[in-house]
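Peer 1: So that we are looking at the same thing, I have put the structure below in structure tokens.
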Amino acid sequence: MTHPAPIAGLVLAGGAGRRWGGRDKGLIALDGTPLFAWVAAALAPQCATLALSVNRHHAAYRAYGYPLVTDRWPDFRGPLAGIASALAASDLPWLLAAPCDMPFLPRDLGARLLTAARAQPAPLAIAAAGEQRHPLPLLVARVLAADLDDYLARGGRSVRGWLERHPVAVATLDEPAAAFVNLNDPAAWARVAGQFER
């Protein structure tokens, strides 16, 4: 196994779960395993460190042994708030942030995004699979921490809106669409959960 790249990993599990009726999406089980744990298992081997961005049910997440990062804002400002808080807590030059509801992410995603960021070059990198670009997962250079704080302080919340402010590298992957499937509501979860039924 190669040594992980200089990337801090972050599982984004700090949302309000509005499409789930307020349930904590990261703790919803898929085939007996919480969604966030699927993502953590994918990120851990490819990152030097791994933390969870959470804003409630801290004890449940802490039981899995990962460091927790809580938003510095109290009003569920979205994934960028989790990313900003993780950047402030990390001393590594890059952060790979992935949503807790994408359980089948490629196991070499971090390396491929980092290669794209260095080659193009850009302080941000996203993946493209097929004809679709995915703003999350997102590789972020730590040098953008202050800019992201400023964007949030001015009321910005949109990931796409923040990306438009900076050069963004795109790693074109030949992964199947399932690699980036997003279980952000009960219907999407049910479609994937049915595949595990025996």
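Each chain in the structure tokens gets a letter, A, B, ..., in the order shown, and its residues are numbered from 1; ligands are numbered from 1 in order too.
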Residues near segment 68-74 of chain A, anyone? I mean within 6 Å using only C-alpha atoms, not counting same-chain ones fewer than 5 positions away, as a PyMOL selection string.
Peer 2: chain A and resi 51-55+81-82+85
Peer 1: Just N, CA and C atoms for this one: save the residues we selected as a compact mmCIF listing (two decimals), in the first residue's frame.
Peer 2:
# COMPACT_ATOMS: atom_id res chain seq x y z
N ALA A 51 -11.64 12.91 9.28
CA ALA A 51 -12.52 13.45 10.31
C ALA A 51 -13.96 13.44 9.79
N LEU A 52 -14.89 13.58 10.70
CA LEU A 52 -16.31 13.65 10.37
C LEU A 52 -16.83 15.04 10.69
N SER A 53 -17.54 15.64 9.75
CA SER A 53 -18.21 16.92 9.98
C SER A 53 -19.61 16.61 10.48
N VAL A 54 -19.88 16.89 11.76
CA VAL A 54 -21.17 16.58 12.36
C VAL A 54 -21.64 17.76 13.21
N ASN A 55 -22.95 17.91 13.31
CA ASN A 55 -23.52 18.99 14.11
C ASN A 55 -24.55 18.52 15.13
N ALA A 81 -19.72 25.08 5.14
CA ALA A 81 -19.43 25.38 6.55
C ALA A 81 -18.61 24.26 7.17
N GLY A 82 -18.94 23.02 6.84
CA GLY A 82 -18.15 21.90 7.32
C GLY A 82 -16.75 21.91 6.77
N SER A 85 -14.67 24.67 8.48
CA SER A 85 -14.27 24.29 9.85
C SER A 85 -13.16 23.25 9.82
Peer 1: Pick out the residues sitting within 7 Å of Pro137 of chain A, and hand them over as an MDAnalysis selection string; count only C-alpha atoms, and ignore anything fewer than 2 positions along from it in its own chain.
Peer 2: chainID A and resid 97:99 126 134:135 139
Peer 1: Create the file for the chosen residues now, containing N, CA and C atoms and written as a short mmCIF file (atom, residue, chain, number, x, y, z; two decimals), in the first residue's frame.
Peer 2:
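File produced: out.cif:
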data_model
loop_
_atom_site.label_atom_id
_atom_site.label_comp_id
_atom_site.auth_asym_id
_atom_site.auth_seq_id
_atom_site.Cartn_x
_atom_site.Cartn_y
_atom_site.Cartn_z
N ALA A 97 -13.22 16.51 0.69
CA ALA A 97 -14.51 16.47 1.40
C ALA A 97 -15.53 15.74 0.54
N ALA A 98 -16.21 14.78 1.15
CA ALA A 98 -17.21 13.99 0.44
C ALA A 98 -18.49 13.91 1.25
N PRO A 99 -19.65 13.98 0.61
CA PRO A 99 -20.92 13.87 1.32
C PRO A 99 -21.10 12.48 1.92
N ILE A 126 -12.59 18.77 -8.95
CA ILE A 126 -13.81 17.98 -8.89
C ILE A 126 -13.71 16.85 -9.91
N HIS A 134 -19.39 16.73 -10.89
CA HIS A 134 -19.86 16.63 -9.52
C HIS A 134 -19.13 17.67 -8.65
N PRO A 135 -19.84 18.70 -8.16
CA PRO A 135 -19.17 19.69 -7.30
C PRO A 135 -18.74 19.11 -5.96
N LEU A 139 -11.93 18.49 -3.77
CA LEU A 139 -10.58 18.63 -3.24
C LEU A 139 -10.27 20.11 -3.14
#
Peer 1: Among the residues of chain A, find those DSSP assigns to strand (DSSP E) from the backbone and print them as a PyMOL selection string.
Peer 2: chain A and resi 5-12+29-30+33-34+47-53+68-69+94-99+124-129+132-141+168-173
Peer 1: Kindly assemble as a Markdown table a list of the segment 29-92 of chain A residues that lie within 9 Å of segment 180-198 of chain A, each paired with its nearest atom pair and their distance in Å to one decimal, using only C-alpha atoms, sorted first by chain and then by ascending residue number.
Peer 2:
| residue | atom | partner | partner_atom | distance |
| --- | --- | --- | --- | --- |
| A:Leu30 | CA | A:Ala193 | CA | 6.2 |
| A:Asp31 | CA | A:Phe196 | CA | 6.4 |
| A:Leu35 | CA | A:Leu183 | CA | 8.9 |
Peer 1: Enumerate as a count of residues only all residues of chain A assigned to helix (DSSP H, G or I) by DSSP on the backbone, naming them with the chain letters and numbers the document uses.
Peer 2: 77
